[in-house]
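Student: Here's a structure for you.
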2 protein chains.
Amino acid sequence: MATATTARPPRGRGRPRDEAIDERVLAATLALLAEEGYAATTMTAVARRAGVGTPALYRRWSSRTELVENAVFPGFPDLVVEPTGDLRADVQRYVDAYCAVFAAPAARAAMPGLISDYQTDPGVHRRIGDRVAGSRVRDAFAAMLTHDLTHDCADPAGLVDPAEPSFDPDDALDVLIGSVMQHSFVRPFTGRAAGNAYITDAVVRAVSP
Amino acid sequence: MATATTARPPRGRGRPRDEAIDERVLAATLALLAEEGYAATTMTAVARRAGVGTPALYRRWSSRTELVENAVFPGFPDLVVEPTGDLRADVQRYVDAYCAVFAAPAARAAMPGLISDYQTDPGVHRRIGDRVAGSRVRDAFAAMLTHDLTHDCADPAGLVDPAEPSFDPDDALDVLIGSVMQHSFVRPFTGRAAGNAYITDAVVRAVSP
């Protein structure tokens, strides 16, 4: 009605566009996770904090788990690195990016709850592979490995046949992510050194011919 | 009173020894975790199920977290393997042992809750290092690596100076445990292959000179 009586396009106090709702809901989810924890981050609580109706949430996310995944793992744009020919530097960038993801307060609060949800309701949560390390990230990681292993100018002996990688890239990414999880969620309380370069070392050694 | 009026030593219906209480409490904890989940496995619920008083629990375990850790990670006797000189087989035994630990229903139910507790109350839970991979396990793993890397008769070229290991054994065990966590708790829902040999491959490649 309001927009119909004015010639101006809706902005400011007009009806928010969908993307604006998305952003507000995701921001409210992150804030609730960090401040109140996973259990308190319900669809109702997020809707109230974002100032939108619960139906608006369910139209966009089918469950609390999906909403939290979307907020905490927004797609890793920084992870999709161009291969540089420097395998160690490229792997280290992935390690640092995953460490940064798991270091965020919202992610720290969400991860145990998400993992718990996967165990109790595996049918709903096959998407984890697409969220934490979706096919786009997996494809980029595999392409980076193949490029760097076949174009390592500093070590011609390192050239391998890309058709026969010495280590499956998906397996290597699982080792990398698992190691970062242990490093982020358990190791801080064991008194061992904080540096993460050992993860890069292990992955580089694993994939090198 | 009953024991004072009879000459027989207390057994059967006599007052249970401490070890018997320990065993009953730990068994009740595992059963509750598997059947009801972490949240429902409270000190009160465990005491009721084990048929002991709550004070008896608190005399032995200072918190629910400590009790659950003790029940789920009882010390890994099977993990303390004698080094055989076959590095790959020895590492695979550790990988299989950790996979078995994380595959137990009680452990699957407990791990997310434990990890969550560590994040919210890190001061209390520095013990995780001693539970999941205590100093005894870490010492045995390091000794295995050192032995196998310096006694690999099949590959004399693999001999290394034990004073200068090419990869820190504690780091290698963190990579191994983290990879098994990812393999056990996330990978089953991604559709990727179930075999765990890639973890052994990665660790062997990481520690090999």
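Identifiers for the structure tokens are assigned positionally: chains receive A, B, ... in sequence, residues are indexed from 1 per chain, and ligands are indexed from 1 in the order shown.
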Using only C-alpha atoms and a cut-off of 9 Å, which residues of chain A sit close to chain B? Please list them as a PyMOL selection string.

Tutor: chain A and resi 108-116+118-120+122-123+125-130+167-168+170-172+174-183+185-192+198-199+201-208

Student: Take the residues from that selection and put them in a file with C-alpha atoms, as a PDB file, in the first residue's frame.

Tutor:
ATOM      1  CA  ARG A 108      33.181 -22.600  18.213  1.00  0.00           C
ATOM      2  CA  ALA A 109      29.732 -22.494  19.778  1.00  0.00           C
ATOM      3  CA  ALA A 110      28.057 -24.214  16.842  1.00  0.00           C
ATOM      4  CA  MET A 111      30.416 -27.043  15.857  1.00  0.00           C
ATOM      5  CA  PRO A 112      29.732 -29.457  18.745  1.00  0.00           C
ATOM      6  CA  GLY A 113      25.991 -28.978  18.348  1.00  0.00           C
ATOM      7  CA  LEU A 114      26.177 -29.498  14.596  1.00  0.00           C
ATOM      8  CA  ILE A 115      28.308 -32.632  14.963  1.00  0.00           C
ATOM      9  CA  SER A 116      25.856 -33.927  17.541  1.00  0.00           C
ATOM     10  CA  TYR A 118      24.654 -35.204  12.393  1.00  0.00           C
ATOM     11  CA  GLN A 119      24.985 -38.276  14.608  1.00  0.00           C
ATOM     12  CA  THR A 120      21.374 -38.251  15.732  1.00  0.00           C
ATOM     13  CA  PRO A 122      22.196 -38.294   9.643  1.00  0.00           C
ATOM     14  CA  GLY A 123      19.562 -38.315   6.928  1.00  0.00           C
ATOM     15  CA  HIS A 125      22.618 -33.634   7.384  1.00  0.00           C
ATOM     16  CA  ARG A 126      24.346 -35.128   4.389  1.00  0.00           C
ATOM     17  CA  ARG A 127      24.833 -31.512   3.427  1.00  0.00           C
ATOM     18  CA  ILE A 128      27.743 -31.106   5.826  1.00  0.00           C
ATOM     19  CA  GLY A 129      30.062 -32.072   2.994  1.00  0.00           C
ATOM     20  CA  ASP A 130      28.677 -29.227   0.938  1.00  0.00           C
ATOM     21  CA  PHE A 167      47.180 -39.163  -2.765  1.00  0.00           C
ATOM     22  CA  ASP A 168      43.474 -38.558  -3.298  1.00  0.00           C
ATOM     23  CA  ASP A 170      39.485 -35.412  -1.090  1.00  0.00           C
ATOM     24  CA  ASP A 171      41.351 -37.617   1.389  1.00  0.00           C
ATOM     25  CA  ALA A 172      44.000 -34.914   1.761  1.00  0.00           C
ATOM     26  CA  ASP A 174      39.708 -34.549   5.064  1.00  0.00           C
ATOM     27  CA  VAL A 175      43.090 -34.962   6.780  1.00  0.00           C
ATOM     28  CA  LEU A 176      43.559 -31.183   6.652  1.00  0.00           C
ATOM     29  CA  ILE A 177      40.089 -30.385   8.043  1.00  0.00           C
ATOM     30  CA  GLY A 178      40.262 -33.082  10.719  1.00  0.00           C
ATOM     31  CA  SER A 179      43.680 -31.902  11.829  1.00  0.00           C
ATOM     32  CA  VAL A 180      42.429 -28.308  12.023  1.00  0.00           C
ATOM     33  CA  MET A 181      39.424 -29.463  14.088  1.00  0.00           C
ATOM     34  CA  GLN A 182      41.704 -31.253  16.562  1.00  0.00           C
ATOM     35  CA  HIS A 183      44.036 -28.254  16.522  1.00  0.00           C
ATOM     36  CA  PHE A 185      38.930 -27.639  19.540  1.00  0.00           C
ATOM     37  CA  VAL A 186      41.157 -29.955  21.575  1.00  0.00           C
ATOM     38  CA  ARG A 187      44.826 -28.981  21.296  1.00  0.00           C
ATOM     39  CA  PRO A 188      44.400 -25.540  22.943  1.00  0.00           C
ATOM     40  CA  PHE A 189      43.726 -27.342  26.231  1.00  0.00           C
ATOM     41  CA  THR A 190      46.636 -29.751  26.093  1.00  0.00           C
ATOM     42  CA  GLY A 191      49.522 -27.342  26.519  1.00  0.00           C
ATOM     43  CA  ARG A 192      51.121 -28.259  23.196  1.00  0.00           C
ATOM     44  CA  TYR A 198      52.750 -29.062  11.281  1.00  0.00           C
ATOM     45  CA  ILE A 199      49.377 -29.565   9.581  1.00  0.00           C
ATOM     46  CA  ASP A 201      53.831 -30.214   6.705  1.00  0.00           C
ATOM     47  CA  ALA A 202      51.737 -33.365   7.059  1.00  0.00           C
ATOM     48  CA  VAL A 203      49.476 -32.546   4.112  1.00  0.00           C
ATOM     49  CA  VAL A 204      52.365 -31.534   1.832  1.00  0.00           C
ATOM     50  CA  ARG A 205      54.252 -34.706   2.729  1.00  0.00           C
ATOM     51  CA  ALA A 206      51.116 -36.791   2.198  1.00  0.00           C
ATOM     52  CA  VAL A 207      50.408 -35.477  -1.294  1.00  0.00           C
ATOM     53  CA  SER A 208      53.987 -35.196  -2.505  1.00  0.00           C
TER      54      SER A 208
END

Student: For the atom pair CA of Ile21 (chain A) and CA of Trp61 (chain A), what is the interatomic distance in Å to one decimal place?

Tutor: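 Pair CA of Ile21 (chain A) / CA of Trp61 (chain A) returns 12.3 Å.
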
Student: Kindly give the distance, in Å, that separates CA of Thr65 (chain A) and CA of Ala100 (chain B), rounded to a single decimal.

Tutor: 27.3 Å

Student: For Ala39 (chain B), which residue out of B:Leu149, B:Leu26, B:Val68, B:Val52 is the nearest one, using only C-alpha atoms?

Tutor: B:Val68

Student: So, with only C-alpha atoms as the atoms that count, which of A:Thr29, A:Thr44, A:Gln92, A:Thr54 lies closest to Val72 (chain A)?

Tutor: A:Thr29

Student: Which residue, B:Cys99, B:His151, B:Met144, B:Val46, has the smallest gap to Pro169 (chain B) when you use only C-alpha atoms?

Tutor: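 Ranking B:Cys99, B:His151, B:Met144, B:Val46 by distance to Pro169 (chain B), first place goes to B:Met144.
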